[in-house]
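The next block is work.cif, given as mmCIF, C-alpha atoms.
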```cif
data_entry
#
loop_
_atom_site.label_atom_id
_atom_site.label_comp_id
_atom_site.auth_asym_id
_atom_site.auth_seq_id
_atom_site.Cartn_x
_atom_site.Cartn_y
_atom_site.Cartn_z
CA MET Y 1 -23.32 8.36 -16.02
CA ALA Y 2 -21.78 5.00 -16.90
CA VAL Y 3 -20.73 2.55 -14.20
CA ALA Y 4 -18.96 -0.81 -14.41
CA THR Y 5 -19.14 -3.50 -11.75
CA LEU Y 6 -16.51 -6.04 -10.73
CA THR Y 7 -17.00 -9.33 -12.59
CA PRO Y 8 -17.35 -12.59 -10.61
CA GLU Y 9 -14.16 -13.92 -12.24
CA LYS Y 10 -12.06 -11.01 -11.03
CA ALA Y 11 -13.60 -11.18 -7.57
CA ARG Y 12 -12.62 -14.88 -7.45
CA TRP Y 13 -9.02 -14.06 -8.37
CA LEU Y 14 -8.85 -11.43 -5.63
CA ARG Y 15 -10.13 -13.88 -3.06
CA LEU Y 16 -7.82 -16.64 -4.29
CA ALA Y 17 -4.74 -14.38 -4.16
CA SER Y 18 -5.49 -13.14 -0.65
CA THR Y 19 -6.26 -16.65 0.68
CA ALA Y 20 -3.14 -18.18 -0.89
CA SER Y 21 -1.03 -15.39 0.62
CA VAL Y 22 -2.29 -16.06 4.16
CA VAL Y 23 -1.83 -19.84 3.89
CA THR Y 24 1.69 -19.53 2.43
CA ALA Y 25 2.82 -17.03 5.07
CA LEU Y 26 1.56 -19.19 7.96
CA VAL Y 27 3.25 -22.33 6.62
CA LEU Y 28 6.56 -20.51 6.12
CA ILE Y 29 6.42 -19.03 9.63
CA GLY Y 30 6.27 -22.52 11.12
CA LEU Y 31 9.14 -23.84 9.00
CA LYS Y 32 11.41 -20.84 9.52
CA ALA Y 33 10.76 -20.64 13.27
CA TRP Y 34 11.83 -24.27 13.60
CA ALA Y 35 14.95 -23.74 11.46
CA TRP Y 36 15.94 -20.56 13.34
CA TRP Y 37 15.47 -22.23 16.73
CA ILE Y 38 17.86 -25.00 15.70
CA SER Y 39 20.48 -22.88 13.90
CA ASP Y 40 20.37 -19.50 15.76
CA SER Y 41 21.10 -17.77 12.43
CA VAL Y 42 20.44 -14.02 12.20
CA ALA Y 43 19.74 -14.39 8.49
CA LEU Y 44 17.10 -17.02 9.25
CA LEU Y 45 15.66 -14.79 11.97
CA ALA Y 46 15.46 -12.03 9.35
CA SER Y 47 13.52 -14.33 7.06
CA LEU Y 48 11.27 -15.43 9.93
CA ILE Y 49 10.47 -11.82 10.86
CA ASP Y 50 9.78 -11.06 7.22
CA SER Y 51 7.35 -14.00 7.07
CA VAL Y 52 5.62 -12.88 10.26
CA MET Y 53 5.15 -9.45 8.71
CA ASP Y 54 3.99 -11.09 5.49
CA SER Y 55 1.43 -13.03 7.49
CA ALA Y 56 0.16 -9.91 9.26
CA SER Y 57 0.01 -8.04 5.95
CA SER Y 58 -1.71 -10.92 4.21
CA ILE Y 59 -4.36 -11.17 6.92
CA ILE Y 60 -4.97 -7.43 6.62
CA ASN Y 61 -5.27 -7.91 2.84
CA PHE Y 62 -7.60 -10.86 3.33
CA ILE Y 63 -9.99 -8.68 5.35
CA ALA Y 64 -9.53 -5.48 3.31
CA ILE Y 65 -10.10 -7.12 -0.08
CA ARG Y 66 -13.32 -8.73 1.04
CA TYR Y 67 -14.51 -5.42 2.44
CA ALA Y 68 -13.43 -3.57 -0.72
CA LEU Y 69 -15.43 -6.01 -2.86
CA MET Y 70 -18.66 -5.03 -1.10
CA PRO Y 71 -20.96 -3.06 -3.43
CA ALA Y 72 -21.75 0.60 -2.85
CA ASP Y 73 -24.43 1.28 -0.27
CA GLU Y 74 -26.35 4.23 1.17
CA GLU Y 75 -23.43 5.29 3.38
CA HIS Y 76 -20.65 4.57 0.87
CA ARG Y 77 -21.95 5.77 -2.49
CA PHE Y 78 -18.51 5.44 -4.11
CA GLY Y 79 -18.03 1.88 -2.86
CA HIS Y 80 -15.52 0.49 -0.37
CA GLY Y 81 -12.47 0.33 -2.66
CA LYS Y 82 -10.21 2.52 -0.53
CA ALA Y 83 -10.05 -0.24 2.05
CA GLU Y 84 -7.25 -1.58 -0.17
CA ALA Y 85 -5.21 1.59 0.33
CA LEU Y 86 -5.80 1.47 4.09
CA SER Y 87 -4.52 -2.10 3.94
CA GLY Y 88 -1.38 -0.79 2.25
CA LEU Y 89 -0.80 1.68 5.10
CA GLY Y 90 -1.12 -1.13 7.63
CA GLN Y 91 1.35 -3.25 5.70
CA ALA Y 92 3.85 -0.40 5.51
CA ALA Y 93 3.69 0.08 9.29
CA PHE Y 94 4.22 -3.62 10.00
CA ILE Y 95 7.08 -3.92 7.52
CA ALA Y 96 8.88 -0.79 8.78
CA GLY Y 97 8.67 -2.02 12.37
CA SER Y 98 10.13 -5.39 11.43
CA ALA Y 99 13.00 -3.70 9.58
CA VAL Y 100 13.95 -1.66 12.67
CA PHE Y 101 13.84 -4.73 14.94
CA LEU Y 102 15.92 -6.79 12.54
CA LEU Y 103 18.51 -4.02 12.08
CA MET Y 104 19.00 -3.75 15.85
CA HIS Y 105 19.38 -7.52 16.27
CA ALA Y 106 21.75 -7.93 13.32
CA THR Y 107 23.93 -5.02 14.49
CA GLU Y 108 24.21 -6.57 17.95
CA ARG Y 109 25.24 -9.91 16.40
CA LEU Y 110 27.83 -8.11 14.26
CA PHE Y 111 29.64 -6.91 17.39
CA ASN Y 112 29.10 -10.21 19.21
CA PRO Y 113 29.46 -12.93 16.56
CA ALA Y 114 28.28 -16.44 17.35
CA PRO Y 115 28.57 -19.70 15.42
CA VAL Y 116 25.64 -20.91 13.33
CA THR Y 117 24.65 -24.56 13.80
CA ASP Y 118 22.72 -27.10 11.71
CA THR Y 119 22.89 -24.98 8.57
CA SER Y 120 21.75 -27.90 6.40
CA ILE Y 121 18.28 -27.71 7.95
CA GLY Y 122 18.18 -23.96 7.37
CA ILE Y 123 19.20 -24.36 3.74
CA ALA Y 124 16.54 -27.04 3.17
CA VAL Y 125 13.85 -24.82 4.70
CA MET Y 126 14.90 -21.90 2.52
CA VAL Y 127 14.68 -24.07 -0.63
CA VAL Y 128 11.12 -25.04 0.34
CA SER Y 129 10.36 -21.37 1.05
CA ILE Y 130 11.59 -20.33 -2.40
CA ALA Y 131 9.39 -22.94 -4.09
CA ALA Y 132 6.28 -22.00 -2.09
CA THR Y 133 6.84 -18.28 -2.58
CA ALA Y 134 7.35 -18.73 -6.32
CA VAL Y 135 3.98 -20.48 -6.65
CA LEU Y 136 2.30 -17.70 -4.65
CA VAL Y 137 3.89 -14.95 -6.77
CA VAL Y 138 2.59 -16.61 -9.95
CA ILE Y 139 -0.96 -16.63 -8.52
CA GLN Y 140 -0.61 -13.00 -7.44
CA ARG Y 141 0.73 -11.87 -10.81
CA ILE Y 142 -2.26 -13.43 -12.57
CA ALA Y 143 -4.60 -11.72 -10.09
CA ILE Y 144 -2.85 -8.36 -10.60
CA ARG Y 145 -3.05 -8.68 -14.38
CA LYS Y 146 -6.76 -9.46 -14.20
CA THR Y 147 -7.75 -6.93 -11.49
CA GLY Y 148 -5.03 -4.29 -11.01
CA SER Y 149 -5.57 -4.56 -7.23
CA THR Y 150 -3.48 -2.16 -5.12
CA ALA Y 151 -3.61 -4.48 -2.12
CA VAL Y 152 -2.42 -7.51 -4.09
CA LYS Y 153 0.32 -5.41 -5.71
CA ALA Y 154 1.56 -4.35 -2.28
CA ASP Y 155 1.41 -7.93 -1.01
CA SER Y 156 3.19 -9.28 -4.06
CA LEU Y 157 5.94 -6.65 -3.90
CA HIS Y 158 7.60 -8.05 -0.80
CA TYR Y 159 6.95 -11.67 -1.79
CA VAL Y 160 8.92 -11.08 -5.00
CA GLY Y 161 11.69 -9.64 -2.86
CA ASP Y 162 11.45 -12.69 -0.60
CA LEU Y 163 12.66 -14.87 -3.46
CA LEU Y 164 15.94 -12.94 -3.57
CA VAL Y 165 16.11 -12.68 0.22
CA ASN Y 166 15.69 -16.43 0.64
CA ALA Y 167 18.41 -17.09 -1.94
CA SER Y 168 20.75 -14.67 -0.15
CA ILE Y 169 20.10 -16.45 3.16
CA ILE Y 170 21.26 -19.72 1.62
CA VAL Y 171 24.50 -17.95 0.68
CA ALA Y 172 24.80 -16.54 4.23
CA LEU Y 173 24.33 -20.00 5.76
CA VAL Y 174 26.94 -21.50 3.45
CA LEU Y 175 29.43 -18.76 4.41
CA ALA Y 176 28.65 -19.27 8.11
CA THR Y 177 29.36 -22.98 7.71
CA ALA Y 178 32.75 -22.03 6.29
CA GLY Y 179 33.50 -19.96 9.40
CA TYR Y 180 32.56 -16.49 8.14
CA TYR Y 181 30.16 -15.75 11.00
CA SER Y 182 29.98 -12.01 10.36
CA ALA Y 183 28.45 -12.73 6.94
CA ASP Y 184 25.29 -13.91 8.71
CA ALA Y 185 24.93 -10.53 10.47
CA TRP Y 186 25.78 -8.50 7.35
CA PHE Y 187 23.15 -10.33 5.33
CA GLY Y 188 20.65 -9.62 8.11
CA ILE Y 189 21.48 -5.89 7.95
CA GLY Y 190 21.12 -5.88 4.16
CA ILE Y 191 17.74 -7.60 4.39
CA ALA Y 192 16.61 -5.05 7.01
CA PHE Y 193 17.32 -2.17 4.61
CA TYR Y 194 15.57 -4.03 1.80
CA ILE Y 195 12.48 -4.54 3.99
CA ALA Y 196 12.50 -0.82 4.88
CA TRP Y 197 12.63 0.10 1.18
CA ASN Y 198 9.62 -2.14 0.55
CA ALA Y 199 7.72 -0.35 3.31
CA TRP Y 200 8.48 3.01 1.69
CA GLU Y 201 7.25 1.88 -1.73
CA ILE Y 202 4.00 0.53 -0.29
CA LEU Y 203 3.51 3.70 1.77
CA LYS Y 204 3.86 5.93 -1.30
CA GLU Y 205 1.34 3.97 -3.34
CA ALA Y 206 -1.18 3.87 -0.48
CA PHE Y 207 -0.89 7.63 0.10
CA ASN Y 208 -1.33 8.37 -3.60
CA HIS Y 209 -4.47 6.25 -3.61
CA LEU Y 210 -5.95 7.83 -0.49
CA LEU Y 211 -5.15 11.37 -1.68
CA ASP Y 212 -6.88 10.77 -5.03
CA ARG Y 213 -3.79 11.20 -7.17
CA GLU Y 214 -4.49 11.29 -10.90
CA VAL Y 215 -4.01 8.06 -12.83
CA SER Y 216 -0.92 7.72 -15.02
CA GLU Y 217 -0.34 10.10 -17.92
CA ASP Y 218 -0.61 7.19 -20.35
CA VAL Y 219 -4.13 6.37 -19.12
CA ARG Y 220 -5.18 10.03 -19.20
CA ALA Y 221 -3.86 10.39 -22.74
CA GLU Y 222 -5.75 7.28 -23.81
CA ILE Y 223 -8.99 8.60 -22.28
CA LEU Y 224 -8.57 11.88 -24.17
CA ARG Y 225 -7.90 9.97 -27.39
CA LEU Y 226 -11.04 7.87 -26.92
CA VAL Y 227 -13.20 10.92 -26.20
CA GLU Y 228 -11.89 13.10 -29.01
CA ALA Y 229 -12.46 10.28 -31.52
CA ARG Y 230 -16.21 10.08 -30.83
CA PRO Y 231 -18.55 11.66 -33.43
CA GLY Y 232 -19.92 15.06 -32.46
CA VAL Y 233 -17.13 15.88 -29.99
CA THR Y 234 -15.24 19.07 -30.92
CA GLY Y 235 -13.02 19.16 -27.84
CA VAL Y 236 -12.59 18.10 -24.22
CA HIS Y 237 -11.30 19.85 -21.09
CA ASP Y 238 -11.18 19.57 -17.29
CA LEU Y 239 -10.40 15.83 -17.29
CA ARG Y 240 -10.17 14.54 -13.72
CA THR Y 241 -9.47 10.98 -12.62
CA ARG Y 242 -8.97 9.03 -9.42
CA LEU Y 243 -8.87 5.43 -8.23
CA SER Y 244 -10.82 3.72 -5.47
CA GLY Y 245 -9.78 0.10 -5.15
CA GLN Y 246 -10.79 -1.66 -8.35
CA HIS Y 247 -12.70 1.33 -9.73
CA MET Y 248 -11.52 4.33 -11.72
CA PHE Y 249 -13.61 7.49 -11.61
CA VAL Y 250 -13.48 9.78 -14.64
CA GLN Y 251 -14.98 13.27 -14.91
CA LEU Y 252 -14.66 15.55 -17.94
CA HIS Y 253 -16.29 18.35 -19.91
CA LEU Y 254 -17.24 17.74 -23.55
CA GLU Y 255 -17.20 20.54 -26.08
CA ILE Y 256 -20.14 20.18 -28.50
CA ALA Y 257 -21.29 22.56 -31.24
CA ARG Y 258 -23.78 25.05 -29.73
CA ASP Y 259 -26.42 24.43 -32.38
CA THR Y 260 -26.57 20.68 -31.53
CA PRO Y 261 -30.07 19.68 -30.34
CA LEU Y 262 -30.32 18.73 -26.67
CA TRP Y 263 -31.27 15.15 -27.46
CA ARG Y 264 -28.24 14.78 -29.72
CA ALA Y 265 -25.87 16.29 -27.12
CA HIS Y 266 -27.20 13.76 -24.64
CA GLU Y 267 -26.56 10.91 -27.11
CA ILE Y 268 -22.97 12.13 -27.68
CA ALA Y 269 -22.33 12.20 -23.92
CA GLU Y 270 -23.69 8.68 -23.49
CA ASP Y 271 -21.56 7.48 -26.41
CA VAL Y 272 -18.45 8.93 -24.73
CA GLU Y 273 -19.30 7.32 -21.39
CA LEU Y 274 -19.83 3.95 -23.08
CA ALA Y 275 -16.50 4.24 -24.93
CA ILE Y 276 -14.65 4.85 -21.65
CA LEU Y 277 -16.51 2.06 -19.90
CA THR Y 278 -15.80 -0.40 -22.71
CA HIS Y 279 -12.08 0.39 -22.79
CA TYR Y 280 -11.69 0.59 -19.01
CA PRO Y 281 -13.89 -1.94 -17.22
CA HIS Y 282 -14.50 -1.15 -13.53
CA SER Y 283 -14.76 2.55 -14.26
CA GLU Y 284 -17.35 5.23 -13.72
CA ALA Y 285 -17.65 8.19 -16.13
CA ILE Y 286 -19.43 11.47 -15.50
CA VAL Y 287 -19.61 13.74 -18.55
CA HIS Y 288 -20.73 17.37 -18.68
CA GLN Y 289 -21.62 18.98 -22.02
CA ASP Y 290 -20.40 22.52 -22.86
CA PRO Y 291 -21.63 24.36 -25.99
CA THR Y 292 -18.89 25.74 -28.19
CA PRO Y 293 -18.39 28.50 -29.00
CA LEU Y 294 -20.04 29.89 -25.86
CA GLU Y 295 -21.41 32.88 -27.80
CA GLU Y 296 -22.82 33.05 -31.29
CA SER Y 297 -20.44 34.46 -33.87
CA GLY Y 298 -20.93 38.23 -34.16
CA ALA Y 299 -22.79 38.56 -30.87
CA ALA Y 300 -22.22 41.83 -29.00
#
```
Rewrite the structure from the file as structure tokens, please.
Amino acid sequence: MAVATLTPEKARWLRLASTASVVTALVLIGLKAWAWWISDSVALLASLIDSVMDSASSIINFIAIRYALMPADEEHRFGHGKAEALSGLGQAAFIAGSAVFLLMHATERLFNPAPVTDTSIGIAVMVVSIAATAVLVVIQRIAIRKTGSTAVKADSLHYVGDLLVNASIIVALVLATAGYYSADAWFGIGIAFYIAWNAWEILKEAFNHLLDREVSEDVRAEILRLVEARPGVTGVHDLRTRLSGQHMFVQLHLEIARDTPLWRAHEIAEDVELAILTHYPHSEAIVHQDPTPLEESGAA
């Protein structure tokens, strides 16, 4: 059995991404709360609620990632990686709740329009929010590329959307300044549906992770290609894969000529495990050897 461990560099990127997310969310909450209090804009309230949910999600990520990075122990032989998927479920719940609250508030404002004041402050805060979010997204994208973290992917998903949301809020504030007060409510409703869609995407990925869904067909095909290319392998079947946080678990049956000595069959299996481990760091491979054909030619 071949096992790969998380490198210190990748662990550092995971910690950096989760810490930066928490700090950014908390700073934006303060700025947006101040701007909303002054302007009474529904669109700004939408952005504030989104940031509060981002903060809650980021804190969950902060805790979950550190727990997921803990090595396997006597009670958790497969590690703690699924804490990331549980984090995704928590994020989905928070985000869905915020979408419902925002939709109710924006709908009420649509039927009872009110003027928006001090829009210049709101616009300035949104510009700062866009800049801060853009820096965070860059950090997260690097962390995702280096680690493939489910939790960071989920966190980054709504921060990427925040860039567009913040830009749309600037448009809403400009329109409100021009006297189109209903635009503020309509933008709030649109953002609510966008937040709900984000919650659904995160929920799907978390469920797939927790239910041990197979990895993508491209990855499975690449694993088969790697295995079939190794010397001594005549075939492969019963490939099974699953993810647990940063680790991929691979199980398969090798087909090896029946007259191959036991020591050589063992070497072939180890060679296959090493090939998978080399190509897919942070993986664990369990290989079973099957003689082929199962019966000698001409046997009764």
(request) Give the answer as one residue: which of Y:Val42, Y:His237, Y:Arg145, Y:Thr107 has the shortest atom-to-atom distance to Leu14 in chain Y, using all atoms listed in the file? (result)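 Among Y:Val42, Y:His237, Y:Arg145, Y:Thr107, it is Y:Arg145 that comes nearest to Leu14 in chain Y.
What separates CA of Gly97 in chain Y from CA of Leu44 in chain Y is a distance of 17.5 Å.
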What would the selection look like, as an mmCIF file with C-alpha atoms, keeping the file's coordinate frame, if the PyMOL selection byres ((chain Y and resi 212) around 10) were run on the coordinates I just shared?
```cif
data_model
loop_
_atom_site.group_PDB
_atom_site.id
_atom_site.type_symbol
_atom_site.label_atom_id
_atom_site.label_comp_id
_atom_site.auth_asym_id
_atom_site.auth_seq_id
_atom_site.Cartn_x
_atom_site.Cartn_y
_atom_site.Cartn_z
ATOM 1 C CA LYS Y 82 -10.210 2.520 -0.530
ATOM 2 C CA PHE Y 207 -0.890 7.630 0.100
ATOM 3 C CA ASN Y 208 -1.330 8.370 -3.600
ATOM 4 C CA HIS Y 209 -4.470 6.250 -3.610
ATOM 5 C CA LEU Y 210 -5.950 7.830 -0.490
ATOM 6 C CA LEU Y 211 -5.150 11.370 -1.680
ATOM 7 C CA ARG Y 213 -3.790 11.200 -7.170
ATOM 8 C CA GLU Y 214 -4.490 11.290 -10.900
ATOM 9 C CA VAL Y 215 -4.010 8.060 -12.830
ATOM 10 C CA THR Y 241 -9.470 10.980 -12.620
ATOM 11 C CA ARG Y 242 -8.970 9.030 -9.420
ATOM 12 C CA LEU Y 243 -8.870 5.430 -8.230
ATOM 13 C CA SER Y 244 -10.820 3.720 -5.470
ATOM 14 C CA PHE Y 249 -13.610 7.490 -11.610
#
```
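Picked by the PyMOL selection byres ((chain Y and resi 258) around 10) from the coordinates shown: Y:Glu255, Y:Ile256, Y:Ala257, Y:Asp259, Y:Thr260, Y:Pro261, Y:Leu262, Y:Ala265, Y:Asp290, Y:Pro291, Y:Thr292, Y:Pro293, Y:Leu294, Y:Glu295, Y:Glu296.
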(request) In Å, rounded to a single decimal, give me how far CA of Ser168 in chain Y is from CA of Phe193 in chain Y. (result)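 Rounded to one decimal, the two atoms are 13.8 Å apart.
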(message) At a cut-off of 12 Å, using all atoms listed in the file, what residues contact Ala124 in chain Y? Leave out same-chain residues fewer than 4 positions from it and give the result as a PyMOL selection string.
(response) chain Y and resi 31-32+34-35+44+118-120+128-131+166-167+169-170+173-174
Please rebuild range 186-209 of chain Y with N, CA and C atoms and give the result as a PDB file, in the coordinates of the input.
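Wrote selection-v2.pdb, looks like this:
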```
ATOM      1  N   TRP Y 186      25.811  -9.464   8.455  1.00  0.00           N
ATOM      2  CA  TRP Y 186      25.780  -8.500   7.350  1.00  0.00           C
ATOM      3  C   TRP Y 186      24.592  -8.756   6.424  1.00  0.00           C
ATOM      4  N   PHE Y 187      24.316 -10.017   6.158  1.00  0.00           N
ATOM      5  CA  PHE Y 187      23.150 -10.330   5.330  1.00  0.00           C
ATOM      6  C   PHE Y 187      21.862  -9.895   6.033  1.00  0.00           C
ATOM      7  N   GLY Y 188      21.819 -10.067   7.361  1.00  0.00           N
ATOM      8  CA  GLY Y 188      20.650  -9.620   8.110  1.00  0.00           C
ATOM      9  C   GLY Y 188      20.449  -8.121   8.003  1.00  0.00           C
ATOM     10  N   ILE Y 189      21.558  -7.353   8.086  1.00  0.00           N
ATOM     11  CA  ILE Y 189      21.480  -5.890   7.950  1.00  0.00           C
ATOM     12  C   ILE Y 189      20.994  -5.504   6.556  1.00  0.00           C
ATOM     13  N   GLY Y 190      21.544  -6.169   5.540  1.00  0.00           N
ATOM     14  CA  GLY Y 190      21.120  -5.880   4.160  1.00  0.00           C
ATOM     15  C   GLY Y 190      19.648  -6.155   3.953  1.00  0.00           C
ATOM     16  N   ILE Y 191      19.155  -7.255   4.522  1.00  0.00           N
ATOM     17  CA  ILE Y 191      17.740  -7.600   4.390  1.00  0.00           C
ATOM     18  C   ILE Y 191      16.873  -6.566   5.115  1.00  0.00           C
ATOM     19  N   ALA Y 192      17.359  -6.062   6.259  1.00  0.00           N
ATOM     20  CA  ALA Y 192      16.610  -5.050   7.010  1.00  0.00           C
ATOM     21  C   ALA Y 192      16.394  -3.797   6.162  1.00  0.00           C
ATOM     22  N   PHE Y 193      17.453  -3.359   5.468  1.00  0.00           N
ATOM     23  CA  PHE Y 193      17.320  -2.170   4.610  1.00  0.00           C
ATOM     24  C   PHE Y 193      16.389  -2.464   3.425  1.00  0.00           C
ATOM     25  N   TYR Y 194      16.463  -3.675   2.912  1.00  0.00           N
ATOM     26  CA  TYR Y 194      15.570  -4.030   1.800  1.00  0.00           C
ATOM     27  C   TYR Y 194      14.112  -4.005   2.257  1.00  0.00           C
ATOM     28  N   ILE Y 195      13.837  -4.541   3.458  1.00  0.00           N
ATOM     29  CA  ILE Y 195      12.480  -4.540   3.990  1.00  0.00           C
ATOM     30  C   ILE Y 195      11.987  -3.110   4.176  1.00  0.00           C
ATOM     31  N   ALA Y 196      12.880  -2.225   4.678  1.00  0.00           N
ATOM     32  CA  ALA Y 196      12.500  -0.820   4.880  1.00  0.00           C
ATOM     33  C   ALA Y 196      12.158  -0.146   3.552  1.00  0.00           C
ATOM     34  N   TRP Y 197      12.914  -0.455   2.509  1.00  0.00           N
ATOM     35  CA  TRP Y 197      12.630   0.100   1.180  1.00  0.00           C
ATOM     36  C   TRP Y 197      11.264  -0.354   0.681  1.00  0.00           C
ATOM     37  N   ASN Y 198      10.942  -1.625   0.927  1.00  0.00           N
ATOM     38  CA  ASN Y 198       9.620  -2.140   0.550  1.00  0.00           C
ATOM     39  C   ASN Y 198       8.517  -1.362   1.259  1.00  0.00           C
ATOM     40  N   ALA Y 199       8.727  -1.095   2.543  1.00  0.00           N
ATOM     41  CA  ALA Y 199       7.720  -0.350   3.310  1.00  0.00           C
ATOM     42  C   ALA Y 199       7.499   1.028   2.710  1.00  0.00           C
ATOM     43  N   TRP Y 200       8.585   1.685   2.287  1.00  0.00           N
ATOM     44  CA  TRP Y 200       8.480   3.010   1.690  1.00  0.00           C
ATOM     45  C   TRP Y 200       7.696   2.981   0.384  1.00  0.00           C
ATOM     46  N   GLU Y 201       7.951   1.993  -0.450  1.00  0.00           N
ATOM     47  CA  GLU Y 201       7.250   1.880  -1.730  1.00  0.00           C
ATOM     48  C   GLU Y 201       5.748   1.659  -1.521  1.00  0.00           C
ATOM     49  N   ILE Y 202       5.408   0.794  -0.568  1.00  0.00           N
ATOM     50  CA  ILE Y 202       4.000   0.530  -0.290  1.00  0.00           C
ATOM     51  C   ILE Y 202       3.328   1.770   0.279  1.00  0.00           C
ATOM     52  N   LEU Y 203       4.051   2.489   1.161  1.00  0.00           N
ATOM     53  CA  LEU Y 203       3.510   3.700   1.770  1.00  0.00           C
ATOM     54  C   LEU Y 203       3.180   4.749   0.715  1.00  0.00           C
ATOM     55  N   LYS Y 204       4.084   4.942  -0.240  1.00  0.00           N
ATOM     56  CA  LYS Y 204       3.860   5.930  -1.300  1.00  0.00           C
ATOM     57  C   LYS Y 204       2.618   5.609  -2.109  1.00  0.00           C
ATOM     58  N   GLU Y 205       2.484   4.345  -2.501  1.00  0.00           N
ATOM     59  CA  GLU Y 205       1.340   3.970  -3.340  1.00  0.00           C
ATOM     60  C   GLU Y 205       0.029   4.128  -2.565  1.00  0.00           C
ATOM     61  N   ALA Y 206       0.034   3.748  -1.287  1.00  0.00           N
ATOM     62  CA  ALA Y 206      -1.180   3.870  -0.480  1.00  0.00           C
ATOM     63  C   ALA Y 206      -1.582   5.327  -0.309  1.00  0.00           C
ATOM     64  N   PHE Y 207      -0.593   6.209  -0.054  1.00  0.00           N
ATOM     65  CA  PHE Y 207      -0.890   7.630   0.100  1.00  0.00           C
ATOM     66  C   PHE Y 207      -1.448   8.220  -1.194  1.00  0.00           C
ATOM     67  N   ASN Y 208      -0.837   7.859  -2.319  1.00  0.00           N
ATOM     68  CA  ASN Y 208      -1.330   8.370  -3.600  1.00  0.00           C
ATOM     69  C   ASN Y 208      -2.781   7.962  -3.826  1.00  0.00           C
ATOM     70  N   HIS Y 209      -3.105   6.751  -3.432  1.00  0.00           N
ATOM     71  CA  HIS Y 209      -4.470   6.250  -3.610  1.00  0.00           C
ATOM     72  C   HIS Y 209      -5.442   7.014  -2.714  1.00  0.00           C
TER      73      HIS Y 209
END
```
